[in-house]
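Data file: input19.cif. Format and content: mmCIF, C-alpha atoms.
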data_run
loop_
_atom_site.label_atom_id
_atom_site.label_comp_id
_atom_site.auth_asym_id
_atom_site.auth_seq_id
_atom_site.Cartn_x
_atom_site.Cartn_y
_atom_site.Cartn_z
CA MET A 19 26.81 26.13 71.01
CA LEU A 20 24.91 22.93 70.26
CA PRO A 21 21.85 22.40 72.49
CA LYS A 22 22.44 19.84 75.24
CA ALA A 23 19.23 17.98 74.45
CA PHE A 24 20.31 17.65 70.82
CA ILE A 25 23.68 16.16 71.79
CA GLU A 26 22.00 13.69 74.15
CA ARG A 27 19.60 12.57 71.44
CA ILE A 28 22.40 12.21 68.88
CA GLU A 29 24.36 10.05 71.34
CA GLY A 30 21.37 7.72 71.46
CA GLN A 31 21.24 7.61 67.65
CA LEU A 32 24.93 7.37 66.77
CA GLY A 33 26.55 5.79 69.82
CA ASN A 34 30.33 5.51 69.35
CA GLU A 35 30.25 7.71 66.24
CA THR A 36 28.93 10.73 68.17
CA GLY A 37 32.40 12.21 68.71
CA LEU A 38 33.26 12.10 65.02
CA PHE A 39 29.88 13.60 64.16
CA LEU A 40 30.26 16.50 66.61
CA SER A 41 33.83 17.14 65.41
CA ALA A 42 32.56 17.32 61.82
CA LEU A 43 30.13 20.06 62.85
CA GLU A 44 33.13 22.16 63.91
CA THR A 45 34.63 22.08 60.41
CA GLU A 46 33.97 24.42 57.49
CA SER A 47 30.91 23.69 55.35
CA PRO A 48 31.73 22.44 51.83
CA VAL A 49 30.88 24.76 48.94
CA SER A 50 29.14 23.02 46.05
CA ILE A 51 27.55 23.94 42.75
CA ARG A 52 25.57 22.13 40.06
CA ILE A 53 26.25 22.92 36.40
CA ASN A 54 23.42 23.62 33.96
CA PRO A 55 24.14 21.05 31.21
CA TYR A 56 22.42 23.24 28.61
CA LYS A 57 24.52 26.38 29.08
CA GLY A 58 28.03 25.31 28.17
CA LEU A 59 30.08 26.15 31.28
CA GLN A 60 33.53 24.57 31.10
CA VAL A 61 34.41 23.22 34.53
CA PRO A 62 38.07 23.35 35.61
CA VAL A 63 39.49 19.83 35.60
CA SER A 64 40.88 20.41 39.09
CA LEU A 65 37.41 20.48 40.68
CA GLU A 66 36.29 17.52 42.76
CA ALA A 67 33.12 15.91 41.42
CA ILE A 68 30.19 15.08 43.68
CA PRO A 69 29.83 11.29 43.32
CA TRP A 70 26.01 11.11 43.19
CA SER A 71 25.59 13.96 40.68
CA ASP A 72 26.69 14.08 37.04
CA ASN A 73 26.77 17.88 37.17
CA GLY A 74 27.77 18.60 40.78
CA TYR A 75 31.17 19.85 41.95
CA TYR A 76 32.85 21.05 45.12
CA LEU A 77 34.62 24.41 45.05
CA PRO A 78 37.80 24.84 47.11
CA GLU A 79 36.44 28.03 48.68
CA ARG A 80 33.33 30.20 48.53
CA PRO A 81 33.60 32.92 45.86
CA SER A 82 31.33 35.94 45.56
CA PHE A 83 28.52 34.42 43.53
CA THR A 84 26.76 37.79 43.46
CA LEU A 85 29.67 39.18 41.42
CA ASP A 86 29.61 36.37 38.86
CA PRO A 87 27.44 36.96 35.76
CA GLY A 88 27.58 33.21 35.09
CA PHE A 89 25.61 32.65 38.28
CA HIS A 90 22.99 35.20 37.23
CA SER A 91 22.67 33.72 33.74
CA GLY A 92 21.83 30.26 35.11
CA MET A 93 25.07 28.57 34.03
CA TYR A 94 25.12 26.89 37.43
CA TYR A 95 23.17 26.71 40.68
CA VAL A 96 24.66 26.94 44.17
CA GLN A 97 23.25 23.85 45.88
CA GLU A 98 24.15 21.86 48.96
CA ALA A 99 25.90 18.64 47.91
CA SER A 100 23.87 16.12 49.93
CA SER A 101 20.59 17.34 48.45
CA MET A 102 21.92 16.66 44.94
CA SER A 103 21.42 12.96 45.74
CA LEU A 104 17.93 13.53 44.33
CA GLU A 105 19.59 13.32 40.90
CA PHE A 106 20.72 9.74 41.51
CA VAL A 107 17.30 8.72 42.80
CA LEU A 108 15.57 10.14 39.73
CA LYS A 109 17.73 7.92 37.51
CA GLN A 110 16.05 4.90 39.10
CA LEU A 111 12.54 6.01 38.10
CA PRO A 112 10.47 5.85 34.89
CA LEU A 113 10.29 9.53 33.99
CA GLU A 114 9.18 9.46 30.34
CA GLY A 115 6.25 11.87 29.99
CA ALA A 116 5.98 12.36 33.74
CA LEU A 117 4.20 15.24 35.44
CA ALA A 118 6.06 16.06 38.66
CA LEU A 119 5.24 18.25 41.64
CA ASP A 120 7.87 19.90 43.83
CA LEU A 121 5.58 20.89 46.68
CA CYS A 122 8.00 22.95 48.80
CA GLY A 123 10.10 24.27 45.95
CA ALA A 124 11.84 27.45 47.10
CA PRO A 125 14.52 28.55 46.56
CA GLY A 126 14.70 26.24 43.54
CA GLY A 127 17.62 23.82 43.80
CA LYS A 128 15.52 20.67 43.59
CA SER A 129 13.04 22.22 41.13
CA THR A 130 15.82 23.06 38.65
CA LEU A 131 17.20 19.54 39.15
CA LEU A 132 13.78 17.99 38.48
CA ALA A 133 13.28 20.13 35.38
CA THR A 134 16.69 19.06 34.08
CA ALA A 135 15.98 15.37 34.64
CA LEU A 136 12.61 15.60 32.86
CA TYR A 137 13.53 17.97 30.02
CA GLU A 138 14.55 15.38 27.44
CA GLN A 139 11.96 12.88 28.65
CA ASN A 140 8.90 14.92 27.68
CA GLY A 141 8.16 15.63 31.34
CA MET A 142 7.09 18.75 33.21
CA VAL A 143 7.44 20.15 36.74
CA LEU A 144 5.02 22.18 38.82
CA ALA A 145 7.20 24.01 41.34
CA ASN A 146 5.10 25.21 44.25
CA GLU A 147 5.89 27.37 47.27
CA VAL A 148 3.31 28.35 49.87
CA ILE A 149 5.14 31.51 51.10
CA ARG A 150 4.61 34.32 48.58
CA ALA A 151 8.02 36.02 48.84
CA ARG A 152 9.81 32.68 48.52
CA ALA A 153 7.61 31.81 45.53
CA GLN A 154 9.00 34.88 43.75
CA THR A 155 12.55 33.69 44.43
CA LEU A 156 11.61 30.24 43.11
CA LYS A 157 10.19 31.79 39.95
CA GLU A 158 13.30 33.91 39.34
CA ASN A 159 15.66 30.97 39.77
CA LEU A 160 13.64 28.77 37.40
CA ILE A 161 13.52 31.55 34.81
CA LYS A 162 17.29 31.96 34.93
CA TRP A 163 17.83 28.20 34.75
CA GLY A 164 16.16 28.54 31.37
CA LEU A 165 14.21 25.31 30.85
CA PRO A 166 10.64 25.70 29.52
CA ASN A 167 9.09 22.54 31.03
CA VAL A 168 8.13 24.30 34.26
CA ALA A 169 5.20 25.99 35.96
CA VAL A 170 5.24 27.92 39.24
CA SER A 171 2.46 28.21 41.81
CA ASN A 172 1.98 29.78 45.25
CA LEU A 173 -0.60 27.45 46.77
CA ASP A 174 -1.50 25.52 49.89
CA PRO A 175 -1.17 21.74 49.44
CA LYS A 176 -4.92 21.28 49.92
CA HIS A 177 -5.59 23.58 46.96
CA ILE A 178 -3.45 21.40 44.71
CA ALA A 179 -5.20 18.22 45.88
CA LYS A 180 -8.66 19.74 45.32
CA SER A 181 -7.73 20.51 41.70
CA LYS A 182 -8.04 16.78 40.89
CA LEU A 183 -4.66 16.90 39.13
CA GLN A 184 -2.71 13.65 39.30
CA PHE A 185 1.08 13.61 39.47
CA ASP A 186 3.37 10.74 38.46
CA LEU A 187 6.07 11.99 40.82
CA MET A 188 5.85 14.11 43.94
CA LEU A 189 8.76 15.63 45.86
CA VAL A 190 8.08 16.87 49.38
CA ASP A 191 11.22 18.47 50.79
CA ALA A 192 9.40 19.17 54.01
CA PRO A 193 9.92 22.16 56.32
CA CYS A 194 11.87 20.72 59.25
CA SER A 195 13.79 21.51 62.44
CA GLY A 196 16.90 22.25 60.37
CA GLU A 197 19.40 20.19 62.33
CA GLY A 198 21.31 19.42 59.16
CA MET A 199 22.02 23.12 58.75
CA PHE A 200 23.61 23.61 62.19
CA ARG A 201 27.10 23.88 60.67
CA LYS A 202 26.08 26.11 57.78
CA ASP A 203 23.61 28.28 59.71
CA PRO A 204 24.45 28.72 63.42
CA ALA A 205 21.16 30.60 63.93
CA ALA A 206 19.39 27.27 63.39
CA GLN A 207 20.89 26.08 66.67
CA ASP A 208 19.26 28.94 68.58
CA GLU A 209 15.84 28.11 67.12
CA TRP A 210 16.06 24.39 67.91
CA SER A 211 14.16 22.64 70.70
CA LEU A 212 12.68 19.21 71.30
CA ASP A 213 9.22 20.78 71.23
CA ASN A 214 9.96 22.33 67.83
CA VAL A 215 11.08 18.95 66.50
CA GLU A 216 7.70 17.47 67.47
CA LEU A 217 5.87 20.43 65.96
CA CYS A 218 7.79 19.97 62.71
CA ALA A 219 7.02 16.25 62.61
CA ALA A 220 3.32 16.95 63.05
CA ARG A 221 3.38 19.70 60.39
CA GLN A 222 5.08 17.33 57.94
CA LYS A 223 2.32 14.78 58.45
CA ARG A 224 -0.31 17.45 57.85
CA ILE A 225 1.39 18.61 54.63
CA LEU A 226 1.71 15.05 53.35
CA SER A 227 -1.89 14.16 54.21
CA ASP A 228 -3.12 17.26 52.40
CA VAL A 229 -1.24 16.62 49.16
CA LEU A 230 -1.16 12.81 48.83
CA PRO A 231 -4.58 12.62 47.09
CA ALA A 232 -2.83 14.26 44.10
CA LEU A 233 -0.36 11.38 43.75
CA LYS A 234 -1.35 8.93 41.02
CA ASP A 235 -1.94 5.27 41.72
CA GLY A 236 1.46 3.74 41.00
CA GLY A 237 3.11 7.14 41.43
CA TYR A 238 6.29 7.87 43.38
CA LEU A 239 6.78 10.07 46.43
CA LEU A 240 10.21 11.43 47.30
CA TYR A 241 10.31 12.62 50.90
CA SER A 242 13.31 14.57 52.19
CA THR A 243 14.38 16.76 55.10
CA CYS A 244 17.54 18.49 56.30
CA THR A 245 17.36 17.04 59.80
CA TYR A 246 18.68 14.02 61.72
CA SER A 247 15.54 13.63 63.81
CA GLU A 248 13.94 10.20 63.76
CA ALA A 249 10.58 11.79 64.57
CA GLU A 250 10.75 13.75 61.31
CA ASN A 251 12.40 11.01 59.26
CA GLU A 252 12.03 7.31 60.09
CA GLN A 253 8.86 7.68 62.15
CA ASN A 254 7.17 9.73 59.43
CA LEU A 255 8.13 7.08 56.88
CA ARG A 256 6.56 4.39 59.04
CA TRP A 257 3.44 6.57 59.34
CA LEU A 258 3.29 6.92 55.52
CA ALA A 259 3.52 3.16 55.18
CA ASP A 260 0.99 2.38 57.91
CA GLU A 261 -1.57 5.16 57.50
CA HIS A 262 -1.35 5.80 53.75
CA GLU A 263 -0.27 2.32 52.65
CA LEU A 264 2.71 3.59 50.66
CA GLU A 265 5.43 1.10 49.82
CA SER A 266 8.87 2.12 51.06
CA LEU A 267 11.51 1.40 48.39
CA ALA A 268 15.24 0.83 48.64
CA ILE A 269 17.58 3.19 46.79
CA PRO A 270 20.72 1.48 45.38
CA PHE A 271 23.28 3.98 46.68
CA PRO A 272 26.79 2.47 46.29
CA SER A 273 28.34 1.56 49.64
CA GLU A 274 31.48 3.59 48.96
CA TRP A 275 29.43 6.80 49.17
CA ASN A 276 28.99 6.19 52.93
CA ILE A 277 25.31 7.11 52.92
CA THR A 278 23.66 5.61 56.00
CA GLU A 279 20.68 3.32 55.55
CA LYS A 280 17.96 3.87 58.16
CA ARG A 281 15.28 1.22 58.74
CA LEU A 282 12.27 1.23 61.02
CA ASP A 283 9.86 -1.70 60.70
CA ASN A 284 8.71 -1.76 57.06
CA SER A 285 10.23 1.61 56.09
CA ILE A 286 13.65 2.55 54.74
CA GLY A 287 15.39 5.90 54.29
CA TYR A 288 18.88 7.27 53.81
CA ALA A 289 20.78 9.76 55.96
CA PHE A 290 23.79 11.92 55.14
CA TYR A 291 26.05 12.62 58.12
CA PRO A 292 28.88 15.18 57.77
CA ASN A 293 31.42 12.83 59.34
CA LYS A 294 30.71 10.28 56.59
CA THR A 295 29.76 12.27 53.49
CA LYS A 296 31.04 15.59 52.19
CA GLY A 297 27.96 17.73 52.71
CA GLU A 298 25.40 18.86 55.23
CA GLY A 299 22.83 16.74 57.08
CA PHE A 300 20.14 15.38 54.80
CA PHE A 301 17.57 12.59 54.68
CA ILE A 302 15.85 11.15 51.62
CA ALA A 303 13.38 8.31 51.05
CA LEU A 304 11.48 6.87 48.10
CA LEU A 305 7.94 5.53 48.35
CA ARG A 306 5.38 4.24 45.87
CA LYS A 307 1.62 4.44 45.95
CA PRO A 308 0.02 1.05 45.23
CA GLY A 309 -1.99 0.43 42.08
CA GLU A 310 -1.54 1.12 38.39
CA ALA A 311 -1.77 4.57 36.87
CA LYS A 312 -4.76 5.29 34.64
CA GLU A 313 -4.15 7.08 31.37
CA LEU A 314 -5.77 10.52 31.27
CA SER A 315 -7.83 11.30 28.20
CA ASP A 316 -6.71 14.24 26.07
CA LYS A 317 -10.13 14.51 24.46
CA GLY A 318 -11.51 18.02 24.75
CA LEU A 319 -8.37 19.32 26.50
CA LYS A 320 -8.22 23.09 26.17
CA LYS A 321 -4.91 24.72 25.28
CA PRO A 322 -3.65 27.48 27.61
CA GLY A 323 -4.61 31.06 26.98
CA LYS A 324 -5.34 32.80 23.68
CA LYS A 325 -3.19 31.39 20.88
CA VAL A 326 -0.78 33.82 19.22
CA GLU A 327 0.06 33.36 15.59
CA ALA A 328 3.56 33.67 14.09
CA PRO A 329 5.94 35.51 13.72
CA LEU A 330 6.85 35.40 17.45
CA GLU A 331 7.41 31.66 17.20
CA GLN A 332 10.28 32.48 14.84
CA TRP A 333 12.18 33.76 17.90
CA LEU A 334 12.36 30.18 19.19
CA ASN A 335 14.38 27.12 18.21
CA GLN A 336 11.85 24.33 18.78
CA PRO A 337 8.15 23.62 18.17
CA VAL A 338 6.00 25.44 20.70
CA GLN A 339 2.51 26.68 21.42
CA THR A 340 2.50 30.43 21.99
CA PHE A 341 -0.34 32.04 23.90
CA GLU A 342 -1.27 35.41 25.33
CA TRP A 343 -1.51 35.54 29.11
CA PHE A 344 -2.00 38.34 31.64
CA ASP A 345 1.39 40.06 31.19
CA GLY A 346 2.71 38.97 27.82
CA ILE A 347 3.24 36.15 25.36
CA TYR A 348 4.28 32.75 26.68
CA ALA A 349 5.57 29.63 24.96
CA VAL A 350 5.22 25.98 25.95
CA PRO A 351 7.03 23.17 24.08
CA LEU A 352 4.62 20.94 22.20
CA ASN A 353 5.97 17.82 23.90
CA VAL A 354 4.59 18.98 27.28
CA LEU A 355 1.58 20.91 26.01
CA ASN A 356 -0.99 18.51 27.49
CA HIS A 357 0.61 18.77 30.94
CA ALA A 358 0.76 22.55 30.60
CA SER A 359 -2.89 22.74 29.54
CA ARG A 360 -4.05 20.72 32.55
CA LEU A 361 -2.02 22.89 34.93
CA PHE A 362 -3.20 26.11 33.30
CA HIS A 363 -6.89 25.24 33.58
CA SER A 364 -6.69 23.58 37.01
CA LEU A 365 -4.66 26.02 39.13
CA PRO A 366 -3.91 29.73 39.48
CA LEU A 367 -0.31 29.76 38.24
CA GLN A 368 2.39 32.38 38.71
CA TYR A 369 4.37 31.31 35.64
CA LEU A 370 4.20 28.74 32.84
CA GLY A 371 6.73 27.70 30.19
CA THR A 372 8.74 30.73 29.04
CA ARG A 373 7.52 34.29 28.76
CA ILE A 374 8.96 35.43 25.44
CA ALA A 375 7.46 38.88 24.80
CA GLU A 376 5.69 41.78 26.45
CA PRO A 377 3.64 44.63 24.96
CA ALA A 378 5.38 47.68 23.51
CA GLY A 379 2.62 49.88 22.15
CA ARG A 380 1.02 47.99 19.28
CA GLU A 381 3.99 45.65 18.94
CA TRP A 382 5.85 43.15 21.09
CA LYS A 383 9.32 43.42 22.55
CA PRO A 384 11.49 40.58 23.91
CA SER A 385 10.84 39.84 27.55
CA PRO A 386 13.75 39.63 30.01
CA GLU A 387 12.93 35.94 30.52
CA LEU A 388 13.57 35.09 26.86
CA ALA A 389 17.29 35.87 27.17
CA PHE A 390 17.79 33.03 29.69
CA SER A 391 15.71 30.41 27.89
CA VAL A 392 17.31 27.46 26.11
CA ILE A 393 14.52 27.64 23.51
CA ALA A 394 15.48 31.19 22.46
CA LYS A 395 16.95 31.48 18.98
CA LYS A 396 20.05 33.53 19.79
CA GLU A 397 20.42 35.03 16.31
CA THR A 398 16.99 36.73 16.50
CA PHE A 399 18.62 39.80 18.06
CA SER A 400 22.16 41.14 17.65
CA ALA A 401 24.32 39.86 20.49
CA VAL A 402 26.92 41.82 22.46
CA GLU A 403 29.51 39.76 24.35
CA LEU A 404 30.19 41.68 27.58
CA SER A 405 33.35 41.71 29.63
CA LEU A 406 33.11 40.65 33.27
CA LYS A 407 33.02 44.27 34.38
CA ASP A 408 30.44 45.39 31.82
CA ALA A 409 28.26 42.36 32.52
CA LEU A 410 28.15 43.34 36.20
CA HIS A 411 27.33 46.93 35.26
CA PHE A 412 24.44 45.58 33.18
CA LEU A 413 23.26 43.49 36.14
CA ARG A 414 23.36 46.62 38.30
CA ARG A 415 21.28 48.39 35.63
CA ASP A 416 24.05 50.92 35.11
CA GLU A 417 23.80 52.61 31.71
CA LEU A 418 25.91 51.13 28.94
CA LYS A 419 26.55 52.72 25.54
CA PHE A 420 26.85 50.84 22.25
CA PRO A 421 27.50 53.50 19.56
CA GLU A 422 29.02 50.96 17.16
CA GLN A 423 26.14 48.49 17.41
CA VAL A 424 22.91 48.51 15.41
CA GLN A 425 20.09 50.48 16.95
CA GLY A 426 17.19 48.53 18.36
CA TRP A 427 17.12 45.51 20.64
CA LEU A 428 20.45 43.99 21.62
CA ARG A 429 20.94 40.71 23.48
CA MET A 430 23.46 41.04 26.32
CA GLU A 431 25.67 37.96 26.73
CA TYR A 432 28.42 36.75 29.04
CA LYS A 433 30.35 33.64 28.00
CA LYS A 434 27.77 33.39 25.17
CA GLN A 435 24.87 33.04 27.65
CA GLY A 436 22.02 35.53 27.74
CA LEU A 437 21.64 38.06 30.56
CA GLY A 438 18.91 40.25 29.11
CA TYR A 439 18.21 42.95 26.53
CA VAL A 440 18.79 46.65 26.02
CA LYS A 441 17.16 49.03 23.55
CA ASN A 442 20.13 50.64 21.84
CA LEU A 443 19.57 54.28 20.89
CA GLY A 444 23.14 54.96 19.79
CA ASN A 445 24.21 57.59 22.32
CA ARG A 446 22.49 55.71 25.16
CA SER A 447 20.60 52.50 25.90
CA ASN A 448 17.56 51.50 27.92
CA SER A 449 17.95 48.36 30.01
CA GLN A 450 15.25 45.70 30.01
CA TYR A 451 16.75 43.96 33.06
CA PRO A 452 14.15 43.77 35.88
CA LYS A 453 14.78 46.21 38.72
CA GLU A 454 13.93 43.60 41.34
CA TRP A 455 16.77 41.36 40.06
CA ARG A 456 19.50 43.97 39.95
CA ILE A 457 22.76 43.72 41.92
CA LEU A 458 22.80 46.31 44.70
CA MET A 459 26.38 45.98 45.94
CA SER A 460 29.22 48.17 44.67
CA LEU A 461 31.83 46.65 42.39
CA PRO A 462 35.34 46.13 43.78
CA GLU A 463 38.46 47.10 41.85
CA GLU A 464 39.56 43.48 41.36
CA LEU A 465 37.09 41.12 39.69
CA SER A 466 37.40 37.40 38.96
CA THR A 467 35.35 34.21 38.75
CA TRP A 468 36.09 30.67 39.92
CA TYR A 469 36.12 29.18 36.39
#

Kindly transcribe the structure held in the file into structure tokens.
Amino acid sequence: MLPKAFIERIEGQLGNETGLFLSALETESPVSIRINPYKGLQVPVSLEAIPWSDNGYYLPERPSFTLDPGFHSGMYYVQEASSMSLEFVLKQLPLEGALALDLCGAPGGKSTLLATALYEQNGMVLANEVIRARAQTLKENLIKWGLPNVAVSNLDPKHIAKSKLQFDLMLVDAPCSGEGMFRKDPAAQDEWSLDNVELCAARQKRILSDVLPALKDGGYLLYSTCTYSEAENEQNLRWLADEHELESLAIPFPSEWNITEKRLDNSIGYAFYPNKTKGEGFFIALLRKPGEAKELSDKGLKKPGKKVEAPLEQWLNQPVQTFEWFDGIYAVPLNVLNHASRLFHSLPLQYLGTRIAEPAGREWKPSPELAFSVIAKKETFSAVELSLKDALHFLRRDELKFPEQVQGWLRMEYKKQGLGYVKNLGNRSNSQYPKEWRILMSLPEELSTWY
């Protein structure tokens, strides 16, 4: 049941629309996904497109994503529709060569979206998450998405600011009171209180104050929450404008999308209400730091790690810098190498670019991450196209046999997208799929996917 104090506050915010809003919270949450444009998934023509996303779609019902190899291979990401509005906002910004920070990145929806937007514009994303377990989830989801213009860190915002790194674009999807998730997550209602709203608003200010020194002069800040609270939204925008002298910018959302403009003094933000838009509660705002960005000198910039000579670069389909790091060989595309070098030498990273190989005695074997990467040259290893059932057995780490295939490393594929590798020994095979990623649930008799 919705908290009484929440309803009373919403009545003050929405007035005559309160009834429609509360009725919308009684309806089923929409199911939405975002396609990876680099992995070739053919979307059924019957699906309804999300208007503010080129790659977003609503599904008519929620399938078992766990039992879909396409989900595990990064062909799509399950993401709440309202939050995909970030994609539209990014189209309004100069992203060529940008270095972006997703400060509160887990589980990875907005980080994968940022990486996609920047991939063909020579840009790079540092996806950060302060909670260690969630940082591992963020890393896994970015690996499976398969783009190499990413780095992952598990750091406090102050640590990033002290590094003296400067970001062209900063996304702070701030921890909030979660009011926008009331329909999707009823437990959020039990945790809600007016005191918690104020605590969240104060925490958001602290996070922003800690990280804002890392935003370039002339750089852009995207601030978002999944709450309707003015204390966490409009009032924090006004505080950013007043205390940090950031300029609040309008976003040209078309009126037919029914996104609600929210103004308070010299600040402007945009709210998604479930009675007006097909999605959960969400708030997004765009701000700019005054001044003009200074060009950073590349003179004397050290490349990451110990450089590895060919032939491992022959496994890849684009120019890269390969380097040896603590647990294998990594590759970074040359068009983002300067960004990668700065990140590598400024922060303790969890991941960078694409890990392509790991030690196997005196040689190197393909890493599990390579199978998902869009820079992997697929013909390097013999590919086996798996059925839906066999793909799920592979993802469970059940043993598969390939007596008719060549012995050695085989690339496991589903719908022509990589899932991982096995070492084929003829009468048996050894899976390279990470144990911590494996599917734990049993397989039902009937299997199907939504596409």

> Which polymer residues have any atom within 9 Å of an atom of Trp343 in chain A, counting all atoms listed in the file, with same-chain residues fewer than 2 positions away left out, as a count of residues only?
Replying inline: 8

>> When you look at range 443-445 of chain A with a cut-off of 10 Å (counting only C-alpha atoms), what residues show up, excluding the ones that are within fewer than 4 positions of it in the same chain? I need them as a ChimeraX atom specification.
In response: /A:418-427

> Could you spell out the hits of the PyMOL selection byres ((chain A and resi 452-458) around 6) on the shown file, as number ranges by chain?
Replying inline: A: 413-414, 451, 459

>> Given the PyMOL selection byres ((chain A and resi 396-412) around 6) and the file above, list the residues it selects as a ChimeraX atom specification.
In response: /A:333,394-395,413-416,428-432

> What residues come out when you apply the PyMOL selection byres ((chain A and resi 231-240) around 6) to this file, written as a PyMOL selection string?
Replying inline: chain A and resi 179+183-189+229-230+241+303-311

>> My list of candidates is A:Tyr246, A:Trp468, A:Trp382, A:Phe106. Which is closest to Val49 in chain A when distances are computed with all atoms listed in the file?
In response: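 Checking each candidate against Val49 in chain A, we get A:Trp468 as the closest.
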
> Counting only C-alpha atoms, which of A:Glu381, A:Ala42, A:Leu20, A:Ser391 gets nearest to Met93 in chain A?
Replying inline: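 Checking each candidate against Met93 in chain A, we get A:Ser391 as the closest.
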